[in-house]
Structure formats: structure tokens, C-alpha cells
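Undergrad: Hey, dropping upload_0.txt in here, compact mmCIF, N, CA and C atoms:
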# COMPACT_ATOMS: atom_id res chain seq x y z
N MET A 1 109.90 75.64 -5.38
CA MET A 1 108.48 75.37 -5.60
C MET A 1 108.04 76.03 -6.90
N LYS A 2 107.08 75.42 -7.52
CA LYS A 2 106.53 75.98 -8.74
C LYS A 2 105.58 77.12 -8.39
N LYS A 3 105.37 78.00 -9.37
CA LYS A 3 104.48 79.14 -9.16
C LYS A 3 103.06 78.69 -8.82
N ALA A 4 102.59 77.63 -9.45
CA ALA A 4 101.23 77.13 -9.20
C ALA A 4 101.10 76.66 -7.76
N ASN A 5 102.12 75.98 -7.24
CA ASN A 5 102.07 75.51 -5.85
C ASN A 5 102.12 76.68 -4.87
N LEU A 6 102.92 77.69 -5.17
CA LEU A 6 102.98 78.88 -4.31
C LEU A 6 101.64 79.59 -4.29
N PHE A 7 101.00 79.67 -5.46
CA PHE A 7 99.70 80.31 -5.54
C PHE A 7 98.67 79.55 -4.71
N LYS A 8 98.66 78.23 -4.79
CA LYS A 8 97.73 77.41 -4.01
C LYS A 8 97.98 77.58 -2.51
N LEU A 9 99.24 77.64 -2.13
CA LEU A 9 99.58 77.85 -0.73
C LEU A 9 99.09 79.22 -0.25
N PHE A 10 99.29 80.24 -1.07
CA PHE A 10 98.82 81.58 -0.74
C PHE A 10 97.30 81.60 -0.56
N ILE A 11 96.58 80.97 -1.48
CA ILE A 11 95.11 80.91 -1.40
C ILE A 11 94.68 80.18 -0.13
N ALA A 12 95.33 79.09 0.20
CA ALA A 12 94.98 78.32 1.40
C ALA A 12 95.19 79.17 2.66
N ILE A 13 96.30 79.88 2.72
CA ILE A 13 96.57 80.74 3.88
C ILE A 13 95.54 81.87 3.96
N ALA A 14 95.18 82.46 2.83
CA ALA A 14 94.19 83.54 2.80
C ALA A 14 92.84 83.05 3.28
N VAL A 15 92.43 81.86 2.87
CA VAL A 15 91.13 81.30 3.28
C VAL A 15 91.13 81.03 4.78
N ILE A 16 92.21 80.45 5.27
CA ILE A 16 92.30 80.18 6.72
C ILE A 16 92.23 81.48 7.49
N TRP A 17 92.92 82.50 7.03
CA TRP A 17 92.90 83.81 7.70
C TRP A 17 91.50 84.41 7.70
N LEU A 18 90.82 84.35 6.54
CA LEU A 18 89.47 84.92 6.46
C LEU A 18 88.50 84.23 7.42
N PHE A 19 88.60 82.92 7.53
CA PHE A 19 87.71 82.20 8.44
C PHE A 19 88.06 82.40 9.90
N SER A 20 89.22 82.91 10.18
CA SER A 20 89.60 83.16 11.57
C SER A 20 89.14 84.53 12.06
N LEU A 21 88.67 85.40 11.15
CA LEU A 21 88.20 86.73 11.54
C LEU A 21 86.89 86.60 12.31
N PRO A 22 86.67 87.46 13.31
CA PRO A 22 85.42 87.38 14.08
C PRO A 22 84.23 87.86 13.25
N LEU A 23 83.09 87.28 13.51
CA LEU A 23 81.85 87.75 12.90
C LEU A 23 81.45 89.06 13.57
N PRO A 24 80.67 89.92 12.89
CA PRO A 24 80.25 91.17 13.54
C PRO A 24 79.57 90.96 14.89
N SER A 25 78.84 89.88 15.04
CA SER A 25 78.17 89.61 16.31
C SER A 25 79.15 89.21 17.41
N GLN A 26 80.38 88.85 17.03
CA GLN A 26 81.38 88.45 18.01
C GLN A 26 82.28 89.60 18.43
N ILE A 27 82.12 90.75 17.81
CA ILE A 27 82.94 91.90 18.13
C ILE A 27 82.34 92.60 19.34
N HIS A 28 83.13 92.79 20.37
CA HIS A 28 82.65 93.43 21.58
C HIS A 28 83.16 94.86 21.64
N PHE A 29 82.27 95.76 21.96
CA PHE A 29 82.62 97.17 22.09
C PHE A 29 83.07 97.45 23.51
N SER A 30 83.90 98.48 23.64
CA SER A 30 84.19 98.95 24.99
C SER A 30 82.92 99.64 25.49
N LYS A 31 82.86 99.92 26.77
CA LYS A 31 81.66 100.54 27.33
C LYS A 31 81.31 101.85 26.63
N SER A 32 82.31 102.72 26.37
CA SER A 32 81.99 104.01 25.75
C SER A 32 81.49 103.82 24.32
N GLU A 33 82.08 102.86 23.57
CA GLU A 33 81.60 102.60 22.22
C GLU A 33 80.20 102.02 22.24
N ASP A 34 79.96 101.13 23.22
CA ASP A 34 78.67 100.48 23.33
C ASP A 34 77.57 101.49 23.64
N TYR A 35 77.80 102.38 24.62
CA TYR A 35 76.81 103.40 24.94
C TYR A 35 76.63 104.35 23.77
N GLY A 36 77.71 104.71 23.12
CA GLY A 36 77.62 105.59 21.97
C GLY A 36 76.78 105.00 20.86
N TYR A 37 76.97 103.71 20.62
CA TYR A 37 76.19 103.01 19.60
C TYR A 37 74.71 103.01 19.97
N LYS A 38 74.43 102.74 21.24
CA LYS A 38 73.03 102.72 21.70
C LYS A 38 72.39 104.10 21.56
N ILE A 39 73.14 105.13 21.92
CA ILE A 39 72.61 106.49 21.81
C ILE A 39 72.33 106.83 20.35
N LYS A 40 73.24 106.46 19.48
CA LYS A 40 73.04 106.74 18.05
C LYS A 40 71.80 106.01 17.53
N GLN A 41 71.61 104.76 17.93
CA GLN A 41 70.44 104.01 17.49
C GLN A 41 69.15 104.62 18.04
N LEU A 42 69.18 105.05 19.30
CA LEU A 42 68.01 105.71 19.88
C LEU A 42 67.70 107.00 19.13
N ARG A 43 68.74 107.79 18.90
CA ARG A 43 68.56 109.07 18.19
C ARG A 43 67.93 108.83 16.83
N LYS A 44 68.45 107.84 16.12
CA LYS A 44 67.90 107.54 14.79
C LYS A 44 66.48 107.02 14.86
N SER A 45 66.16 106.25 15.91
CA SER A 45 64.80 105.74 16.03
C SER A 45 63.80 106.86 16.32
N TYR A 46 64.28 107.95 16.91
CA TYR A 46 63.46 109.13 17.15
C TYR A 46 63.49 110.09 15.96
N HIS A 47 64.19 109.72 14.91
CA HIS A 47 64.34 110.53 13.70
C HIS A 47 64.91 111.91 14.01
N LEU A 48 65.95 111.92 14.85
CA LEU A 48 66.59 113.18 15.25
C LEU A 48 67.96 113.30 14.59
N SER A 49 68.29 114.51 14.22
CA SER A 49 69.66 114.78 13.78
C SER A 49 70.50 115.01 15.03
N ILE A 50 71.79 115.00 14.87
CA ILE A 50 72.68 115.27 16.00
C ILE A 50 72.48 116.70 16.48
N ASP A 51 72.18 117.62 15.56
CA ASP A 51 71.91 119.02 15.93
C ASP A 51 70.67 119.13 16.81
N GLU A 52 69.62 118.39 16.45
CA GLU A 52 68.38 118.44 17.23
C GLU A 52 68.59 117.86 18.63
N LEU A 53 69.29 116.73 18.70
CA LEU A 53 69.55 116.14 20.01
C LEU A 53 70.39 117.08 20.87
N SER A 54 71.33 117.75 20.25
CA SER A 54 72.16 118.72 20.96
C SER A 54 71.30 119.84 21.52
N LYS A 55 70.40 120.34 20.71
CA LYS A 55 69.53 121.44 21.13
C LYS A 55 68.58 121.01 22.26
N PHE A 56 68.01 119.82 22.13
CA PHE A 56 67.03 119.35 23.12
C PHE A 56 67.67 118.99 24.46
N THR A 57 68.92 118.51 24.43
CA THR A 57 69.57 118.08 25.68
C THR A 57 70.52 119.12 26.25
N GLY A 58 70.89 120.11 25.44
CA GLY A 58 71.85 121.11 25.89
C GLY A 58 73.29 120.63 25.85
N LEU A 59 73.52 119.47 25.23
CA LEU A 59 74.87 118.94 25.11
C LEU A 59 75.50 119.42 23.80
N ASP A 60 76.78 119.64 23.82
CA ASP A 60 77.51 120.12 22.65
C ASP A 60 77.45 119.09 21.52
N LYS A 61 77.23 119.58 20.30
CA LYS A 61 77.11 118.71 19.13
C LYS A 61 78.37 117.87 18.93
N ALA A 62 79.53 118.51 19.00
CA ALA A 62 80.80 117.79 18.79
C ALA A 62 81.00 116.74 19.88
N TYR A 63 80.58 117.06 21.10
CA TYR A 63 80.71 116.10 22.19
C TYR A 63 79.79 114.89 21.96
N LEU A 64 78.56 115.15 21.51
CA LEU A 64 77.64 114.06 21.21
C LEU A 64 78.18 113.17 20.10
N GLU A 65 78.75 113.80 19.07
CA GLU A 65 79.35 113.02 17.98
C GLU A 65 80.49 112.15 18.52
N GLY A 66 81.28 112.70 19.43
CA GLY A 66 82.37 111.95 20.03
C GLY A 66 81.89 110.79 20.88
N ILE A 67 80.78 110.99 21.59
CA ILE A 67 80.20 109.91 22.39
C ILE A 67 79.69 108.81 21.47
N GLU A 68 78.97 109.20 20.42
CA GLU A 68 78.41 108.21 19.49
C GLU A 68 79.50 107.40 18.79
N SER A 69 80.62 108.02 18.52
CA SER A 69 81.70 107.31 17.82
C SER A 69 82.60 106.53 18.78
N GLY A 70 82.39 106.70 20.09
CA GLY A 70 83.21 106.01 21.07
C GLY A 70 84.49 106.75 21.40
N LYS A 71 84.64 107.94 20.85
CA LYS A 71 85.85 108.74 21.10
C LYS A 71 85.87 109.30 22.51
N TYR A 72 84.69 109.71 23.01
CA TYR A 72 84.58 110.26 24.35
C TYR A 72 83.72 109.35 25.22
N PRO A 73 84.07 109.23 26.49
CA PRO A 73 83.23 108.43 27.39
C PRO A 73 81.94 109.18 27.73
N LEU A 74 80.95 108.44 28.10
CA LEU A 74 79.67 109.02 28.50
C LEU A 74 79.74 109.34 29.99
N GLY A 75 79.72 110.63 30.31
CA GLY A 75 79.78 111.06 31.70
C GLY A 75 78.44 110.91 32.40
N THR A 76 78.47 110.96 33.71
CA THR A 76 77.26 110.79 34.51
C THR A 76 76.22 111.86 34.23
N SER A 77 76.65 113.13 34.19
CA SER A 77 75.67 114.20 33.96
C SER A 77 75.10 114.14 32.55
N GLU A 78 75.94 113.78 31.58
CA GLU A 78 75.45 113.64 30.20
C GLU A 78 74.47 112.48 30.10
N CYS A 79 74.79 111.40 30.79
CA CYS A 79 73.92 110.23 30.79
C CYS A 79 72.55 110.59 31.38
N LYS A 80 72.55 111.37 32.46
CA LYS A 80 71.28 111.78 33.08
C LYS A 80 70.45 112.63 32.13
N ARG A 81 71.10 113.54 31.41
CA ARG A 81 70.36 114.38 30.45
C ARG A 81 69.75 113.53 29.35
N LEU A 82 70.53 112.58 28.83
CA LEU A 82 70.02 111.72 27.76
C LEU A 82 68.93 110.79 28.29
N ASP A 83 69.10 110.29 29.51
CA ASP A 83 68.07 109.45 30.14
C ASP A 83 66.75 110.21 30.23
N GLU A 84 66.83 111.47 30.68
CA GLU A 84 65.62 112.29 30.82
C GLU A 84 64.97 112.54 29.47
N TYR A 85 65.79 112.83 28.46
CA TYR A 85 65.22 113.13 27.15
C TYR A 85 64.55 111.90 26.55
N PHE A 86 65.25 110.77 26.57
CA PHE A 86 64.71 109.56 25.94
C PHE A 86 63.74 108.81 26.85
N GLY A 87 63.71 109.17 28.13
CA GLY A 87 62.81 108.50 29.06
C GLY A 87 63.24 107.05 29.34
N GLN A 88 64.54 106.81 29.26
CA GLN A 88 65.06 105.46 29.47
C GLN A 88 66.33 105.54 30.30
N ASN A 89 66.68 104.44 30.90
CA ASN A 89 67.94 104.34 31.60
C ASN A 89 68.95 103.74 30.62
N LEU A 90 69.82 104.56 30.09
CA LEU A 90 70.76 104.09 29.06
C LEU A 90 71.71 103.02 29.56
N THR A 91 72.07 103.08 30.81
CA THR A 91 73.00 102.09 31.34
C THR A 91 72.35 100.72 31.47
N ALA A 92 71.02 100.68 31.47
CA ALA A 92 70.31 99.41 31.58
C ALA A 92 70.05 98.79 30.20
N LEU A 93 70.28 99.54 29.13
CA LEU A 93 70.02 99.01 27.79
C LEU A 93 71.04 97.95 27.40
Give the structure from this file in C-alpha cells form.

TA:
Amino acid sequence: MKKANLFKLFIAIAVIWLFSLPLPSQIHFSKSEDYGYKIKQLRKSYHLSIDELSKFTGLDKAYLEGIESGKYPLGTSECKRLDEYFGQNLTAL
């Protein structure tokens, strides 16, 4: 094959691959990532730093960061503390 034909084939494969990638709205989070994302959005909507949320809820800063990033699961007792602070049921969001 000529170089020009190989290049066209490469471009065609690259375009097909790019269009096969999921859109951000099609990406599904696991439960822990999903709750972490929701908590982070709530925290930001309240204009709180992670340090402030840690202080107000009594939860460890590193643990909160892990929950927000999806690294750690959201435990029942932690969920209750965050529910009380934000005045919402996080599992219903």
C-alpha cells in the first residue's frame, strides 16, 4: 500500500474510534463515585472548603476527599452526618 492510502486508513480508523467513545452524559458512576460527586457539588454550592466541611461534620478531611473522589465508599454513619449538615437525604439525590 502507498503511504497516502495508509494515512487515509489510519484517519478513518481514528475517526471511527473517536465516535465510538461515550459522551460524558453516558458515563455512569459507581454508587460511591456518584455519592462523592453529589457531596462535592453540594459542598461547592454551600461555598465550603473540604476543611470547613470536615470541621462542621466531624469527619476526617482525608476521608471526605476520598469519598468525593470515589476512592472510599460512603458509610451509613457518615451519610447521616452529611444528611444532617446539608439538611437533605443524600441517598435520595

Undergrad: Enter the distance from CA of Tyr46 in chain A to atom N of Ser77 in chain A, in Å, rounded to one decimal.

TA: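 Atom N of Ser77 in chain A lies 21.9 Å from CA of Tyr46 in chain A.
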
Undergrad: Could you please determine the separation between atom N of Phe19 in chain A and CA of Lys2 in chain A in Å, to one decimal place?

TA: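 About the pair atom N of Phe19 in chain A and CA of Lys2 in chain A: they are 25.2 Å apart.
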
Undergrad: Neighbouring residues of Lys40 in chain A were defined as those with any atom within 8 Å, considering all atoms listed in the file; residues of the same chain fewer than 4 positions away were excluded. Please report them as a list of chain:residue names.

TA: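 Using all atoms listed in the file, the neighbours found are A:Asp34, A:Tyr35, A:Gly36, A:Lys44, A:Ser45, A:Tyr46, A:Ile67, A:Glu68, A:Ser69.
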
Undergrad: What is the atom C of Lys61 in chain A-atom N of Asn89 in chain A distance in Å, reported with one decimal?

TA: 21.5 Å

Undergrad: List the neighbours of range 47-60 of chain A out to 10 Å using only C-alpha atoms; skip same-chain residues closer than 6 positions along the sequence, and give me the result as a PyMOL selection string.

TA: chain A and resi 40-41+66+68+78+80-86
